[in-house]
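Asks: Can you read through this structure? Questions will come right after.
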Amino acid sequence: MKNYLIIGASSGIGKNIAEQLAKEHQIFGTYRNTAVDIAHNIHYHYLDVMSEEKDLSFLPEQLDGLVYCPGSINLKPFKRFNTQDFMDDFKLQVAGAVDIIQKCLPRLQKSEQASIILFSSVAAQTGFNFHAQVSTSKGAIEGLAKALAAELAPKVRVNVIAPSLTHTPLAASMLNSDKKIEANAERHPLKSIGKSEDIAHLATFLLSDKAKWITGQVHRVDGGISTLR
């Protein structure tokens with residue numbers, strides 16, 4: 001039984017990852033706004049990744065994996081953003097991940113081979129209108145992951161998952177009607193919208209020993225939209 005930390009384990013993709021892993025492992029999950037229920041093998045703790053003070057004393061001495069899920073989807077024309085908008089996204093998605101990884105690294109390095117999963121977006125490598133803020137932070141995450149994969153090898157593997165639009169609470173405003181769901185599904189070659197379990201299946205694989213020869217990669221789970229026309 002391994003120990004995994006999932007930052008943002010109370011809803012969406014993070015919750016699904018926690019539930020899948022908890023069938024065989026001990027999960028330490030954090031939440032901020034979403035209420036959580038007690039679940040088998042999932043130990044929930046409050047954590048605000050935007051805070052300068054992050055108490056991770058609840059963690060065991062050894063971690064075998066870390067998943068950082070916090071993110072945002074802020075879509076509007078570039079001319080309507082200001083510098084603070086970009087900095088807030090960067091603090092949540094990039095600086096927050098850096099701080100958590102730094103604090104957890106001694107625990108991760110006690111594992112025979114630990115795994116870190118970060119999240120990007122299809123928008124980081126595929127240009128979409130009104131995605132400047134999303135693409136900026138997600139592009140930074142991809143760069144961070146590749147650099148860390150090189151620096152932390154061979155003890156710690158680092159990979160990124162880059163989904164397209166997925167049925168999660170974060171994307172609810174974009175999928176809150178049948179018309180929106182149908183229109184967004186049609187944009188994808190597979191003619192459907194991803195589900196959180198689709199992303200979680202890949203995450204649990206990348207955390208496992210079955211993926212022991214995979215690091216420094218950006219894995220696109222996007223219904224084909226980034227490569228197929």
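Chain labels A, B, ... are given in the sequence in which chains occur in the structure tokens; within each chain residues are numbered consecutively from 1, and ligands are likewise numbered from 1 in the order shown.
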Residues of range 64-121 of chain A within 9 Å of range 55-59 of chain A: nearest atom pair and distance (Å, one decimal) for each, counting only C-alpha atoms, sorted by chain and number, as JSON lines?

Replies:
{"residue": "A:Ile100", "atom": "CA", "partner": "A:Leu56", "partner_atom": "CA", "distance": 8.9}
{"residue": "A:Lys103", "atom": "CA", "partner": "A:Leu56", "partner_atom": "CA", "distance": 8.1}
{"residue": "A:Cys104", "atom": "CA", "partner": "A:Leu56", "partner_atom": "CA", "distance": 8.4}
{"residue": "A:Arg107", "atom": "CA", "partner": "A:Leu59", "partner_atom": "CA", "distance": 8.8}

Asks: Taking N, CA and C atoms for each residue, export the selection above as an mmCIF file, in the first residue's frame.

Replies:
data_model
loop_
_atom_site.group_PDB
_atom_site.id
_atom_site.type_symbol
_atom_site.label_atom_id
_atom_site.label_comp_id
_atom_site.auth_asym_id
_atom_site.auth_seq_id
_atom_site.Cartn_x
_atom_site.Cartn_y
_atom_site.Cartn_z
ATOM 1 N N ILE A 100 4.362 23.425 -3.096
ATOM 2 C CA ILE A 100 3.966 22.105 -2.595
ATOM 3 C C ILE A 100 5.039 21.061 -2.910
ATOM 4 N N LYS A 103 8.069 21.458 -0.644
ATOM 5 C CA LYS A 103 7.800 21.015 0.722
ATOM 6 C C LYS A 103 7.701 19.488 0.816
ATOM 7 N N CYS A 104 7.253 18.845 -0.265
ATOM 8 C CA CYS A 104 7.053 17.395 -0.251
ATOM 9 C C CYS A 104 8.255 16.606 -0.759
ATOM 10 N N ARG A 107 10.003 13.901 1.338
ATOM 11 C CA ARG A 107 9.159 12.719 1.523
ATOM 12 C C ARG A 107 9.110 11.877 0.253
#

Asks: Could you pull out the residues in chain A that DSSP calls strand (DSSP E) from the backbone, as a PyMOL selection string?

Replies: chain A and resi 3-7+26-31+42-46+65-68+114-119+156-163+166-167+194-195+218-221

Asks: Can you write out the residues you just picked, keeping N, CA and C atoms, as a compact mmCIF listing (two decimals), in the first residue's frame?

Replies:
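That gives us out_18.txt:
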# COMPACT_ATOMS: atom_id res chain seq x y z
N ASN A 3 1.49 5.64 -0.33
CA ASN A 3 0.94 6.89 0.18
C ASN A 3 0.95 7.94 -0.93
N TYR A 4 -0.23 8.51 -1.21
CA TYR A 4 -0.33 9.53 -2.25
C TYR A 4 -0.96 10.80 -1.68
N LEU A 5 -0.42 11.94 -2.09
CA LEU A 5 -1.00 13.23 -1.75
C LEU A 5 -1.67 13.81 -2.99
N ILE A 6 -2.93 14.19 -2.84
CA ILE A 6 -3.67 14.82 -3.94
C ILE A 6 -4.13 16.18 -3.48
N ILE A 7 -3.57 17.22 -4.07
CA ILE A 7 -3.96 18.59 -3.75
C ILE A 7 -5.19 18.93 -4.60
N GLN A 26 -3.28 4.40 0.48
CA GLN A 26 -3.65 5.45 1.42
C GLN A 26 -3.56 6.81 0.71
N ILE A 27 -4.64 7.58 0.80
CA ILE A 27 -4.70 8.87 0.11
C ILE A 27 -4.81 9.99 1.13
N PHE A 28 -3.98 10.99 0.96
CA PHE A 28 -4.05 12.21 1.75
C PHE A 28 -4.52 13.30 0.80
N GLY A 29 -5.78 13.71 0.95
CA GLY A 29 -6.37 14.66 0.02
C GLY A 29 -6.64 15.99 0.68
N THR A 30 -6.48 17.08 -0.07
CA THR A 30 -6.77 18.39 0.48
C THR A 30 -7.99 19.00 -0.19
N TYR A 31 -8.62 19.91 0.54
CA TYR A 31 -9.78 20.63 0.01
C TYR A 31 -9.69 22.08 0.47
N ILE A 42 -9.18 7.53 2.40
CA ILE A 42 -8.93 8.92 2.00
C ILE A 42 -9.00 9.80 3.23
N HIS A 43 -7.89 10.44 3.55
CA HIS A 43 -7.80 11.31 4.71
C HIS A 43 -7.78 12.76 4.22
N TYR A 44 -8.86 13.50 4.50
CA TYR A 44 -8.99 14.86 3.98
C TYR A 44 -8.46 15.89 4.98
N HIS A 45 -7.81 16.92 4.43
CA HIS A 45 -7.28 18.00 5.25
C HIS A 45 -7.48 19.32 4.51
N TYR A 46 -7.85 20.36 5.25
CA TYR A 46 -8.01 21.68 4.65
C TYR A 46 -6.65 22.25 4.26
N GLY A 65 3.66 9.45 -4.26
CA GLY A 65 3.16 10.21 -5.39
C GLY A 65 2.48 11.49 -4.95
N LEU A 66 2.48 12.47 -5.83
CA LEU A 66 1.87 13.79 -5.59
C LEU A 66 1.12 14.20 -6.85
N VAL A 67 -0.13 14.61 -6.67
CA VAL A 67 -0.93 15.13 -7.78
C VAL A 67 -1.39 16.54 -7.41
N TYR A 68 -1.10 17.50 -8.27
CA TYR A 68 -1.49 18.89 -8.01
C TYR A 68 -2.60 19.27 -8.99
N ALA A 114 9.12 7.68 -6.83
CA ALA A 114 7.90 8.46 -6.66
C ALA A 114 7.47 9.06 -8.00
N SER A 115 6.23 9.55 -8.03
CA SER A 115 5.68 10.12 -9.26
C SER A 115 4.92 11.40 -8.95
N ILE A 116 5.16 12.43 -9.75
CA ILE A 116 4.44 13.71 -9.64
C ILE A 116 3.61 13.90 -10.89
N ILE A 117 2.35 14.29 -10.69
CA ILE A 117 1.46 14.59 -11.82
C ILE A 117 1.01 16.04 -11.72
N LEU A 118 1.23 16.80 -12.79
CA LEU A 118 0.73 18.17 -12.91
C LEU A 118 -0.27 18.24 -14.05
N PHE A 119 -1.06 19.32 -14.08
CA PHE A 119 -2.09 19.44 -15.11
C PHE A 119 -1.89 20.69 -15.96
N VAL A 156 12.50 10.38 -8.87
CA VAL A 156 11.14 10.93 -8.96
C VAL A 156 10.79 11.19 -10.41
N ARG A 157 9.68 10.61 -10.85
CA ARG A 157 9.19 10.86 -12.21
C ARG A 157 8.21 12.03 -12.19
N VAL A 158 8.20 12.81 -13.27
CA VAL A 158 7.30 13.96 -13.37
C VAL A 158 6.62 13.94 -14.73
N ASN A 159 5.31 13.95 -14.73
CA ASN A 159 4.54 13.97 -15.98
C ASN A 159 3.40 14.97 -15.90
N VAL A 160 2.92 15.36 -17.07
CA VAL A 160 1.82 16.31 -17.18
C VAL A 160 0.68 15.68 -17.95
N ILE A 161 -0.53 15.96 -17.51
CA ILE A 161 -1.72 15.57 -18.26
C ILE A 161 -2.37 16.86 -18.79
N ALA A 162 -2.65 16.89 -20.08
CA ALA A 162 -3.22 18.08 -20.72
C ALA A 162 -4.58 17.75 -21.32
N PRO A 163 -5.65 17.91 -20.55
CA PRO A 163 -6.98 17.59 -21.06
C PRO A 163 -7.54 18.70 -21.95
N THR A 166 -13.55 19.21 -20.08
CA THR A 166 -13.96 18.00 -19.37
C THR A 166 -15.13 18.32 -18.45
N HIS A 167 -16.03 17.37 -18.28
CA HIS A 167 -17.16 17.54 -17.36
C HIS A 167 -16.66 17.60 -15.93
N GLY A 194 -14.93 15.01 -22.52
CA GLY A 194 -14.27 14.12 -21.58
C GLY A 194 -14.94 14.12 -20.22
N LYS A 195 -14.76 13.03 -19.50
CA LYS A 195 -15.26 12.90 -18.13
C LYS A 195 -14.07 12.83 -17.18
N VAL A 218 4.23 15.18 -21.72
CA VAL A 218 2.92 15.83 -21.67
C VAL A 218 1.94 14.91 -22.37
N HIS A 219 1.00 14.37 -21.64
CA HIS A 219 0.05 13.39 -22.15
C HIS A 219 -1.27 14.09 -22.45
N ARG A 220 -1.66 14.09 -23.70
CA ARG A 220 -2.86 14.80 -24.12
C ARG A 220 -4.07 13.87 -24.12
N VAL A 221 -5.02 14.20 -23.28
CA VAL A 221 -6.29 13.44 -23.20
C VAL A 221 -7.37 14.42 -23.62

Asks: Which polymer residues have any atom within 8 Å of an atom of range 169-176 of chain A, counting only C-alpha atoms, with same-chain residues fewer than 6 positions away left out, as a VMD selection string?

Replies: chain A and resid 11 to 12 72 to 73

Asks: I need the residues of range 39-109 of chain A that end up classed as helix (DSSP H, G or I) by DSSP on the backbone, written out as a list in words.

Replies: Phe78, Lys79, Arg80, Thr83, Gln84, Asp85, Phe86, Met87, Asp88, Asp89, Phe90, Lys91, Leu92, Gln93, Val94, Ala95, Gly96, Ala97, Val98, Asp99, Ile100, Ile101, Gln102, Lys103, Cys104, Leu105, Pro106, Arg107 and Leu108 of chain A

Asks: Now that the selection is made, can you save its residues with C-alpha atoms as a JSON list (two decimals), in the first residue's frame?

Replies:
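That gives us result.json:
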[["chain", "number", "residue", "atom", "x", "y", "z"],
["A", 78, "PHE", "CA", -6.69, 39.59, -24.02],
["A", 79, "LYS", "CA", -7.34, 43.36, -23.93],
["A", 80, "ARG", "CA", -9.63, 42.93, -20.94],
["A", 83, "THR", "CA", -1.33, 42.03, -14.95],
["A", 84, "GLN", "CA", -2.94, 40.98, -11.67],
["A", 85, "ASP", "CA", -5.25, 38.55, -13.50],
["A", 86, "PHE", "CA", -2.24, 36.73, -14.92],
["A", 87, "MET", "CA", -0.38, 36.79, -11.60],
["A", 88, "ASP", "CA", -3.33, 35.33, -9.70],
["A", 89, "ASP", "CA", -3.55, 32.43, -12.14],
["A", 90, "PHE", "CA", 0.22, 31.93, -11.98],
["A", 91, "LYS", "CA", 0.16, 31.89, -8.18],
["A", 92, "LEU", "CA", -2.62, 29.31, -8.08],
["A", 93, "GLN", "CA", -1.39, 26.96, -10.77],
["A", 94, "VAL", "CA", 2.38, 27.37, -10.98],
["A", 95, "ALA", "CA", 3.75, 28.98, -7.81],
["A", 96, "GLY", "CA", 1.39, 26.86, -5.73],
["A", 97, "ALA", "CA", 2.66, 23.69, -7.38],
["A", 98, "VAL", "CA", 6.28, 24.75, -6.91],
["A", 99, "ASP", "CA", 5.75, 25.41, -3.20],
["A", 100, "ILE", "CA", 3.97, 22.10, -2.59],
["A", 101, "ILE", "CA", 6.58, 20.10, -4.52],
["A", 102, "GLN", "CA", 9.43, 21.76, -2.62],
["A", 103, "LYS", "CA", 7.80, 21.02, 0.72],
["A", 104, "CYS", "CA", 7.05, 17.39, -0.25],
["A", 105, "LEU", "CA", 10.31, 16.57, -2.02],
["A", 106, "PRO", "CA", 12.11, 15.07, 1.03],
["A", 107, "ARG", "CA", 9.16, 12.72, 1.52],
["A", 108, "LEU", "CA", 8.99, 11.82, -2.17]]

Asks: What's the separation between CA of Gln125 in chain A and CA of Gly139 in chain A, in Å to one decimal place?

Replies: 7.6 Å
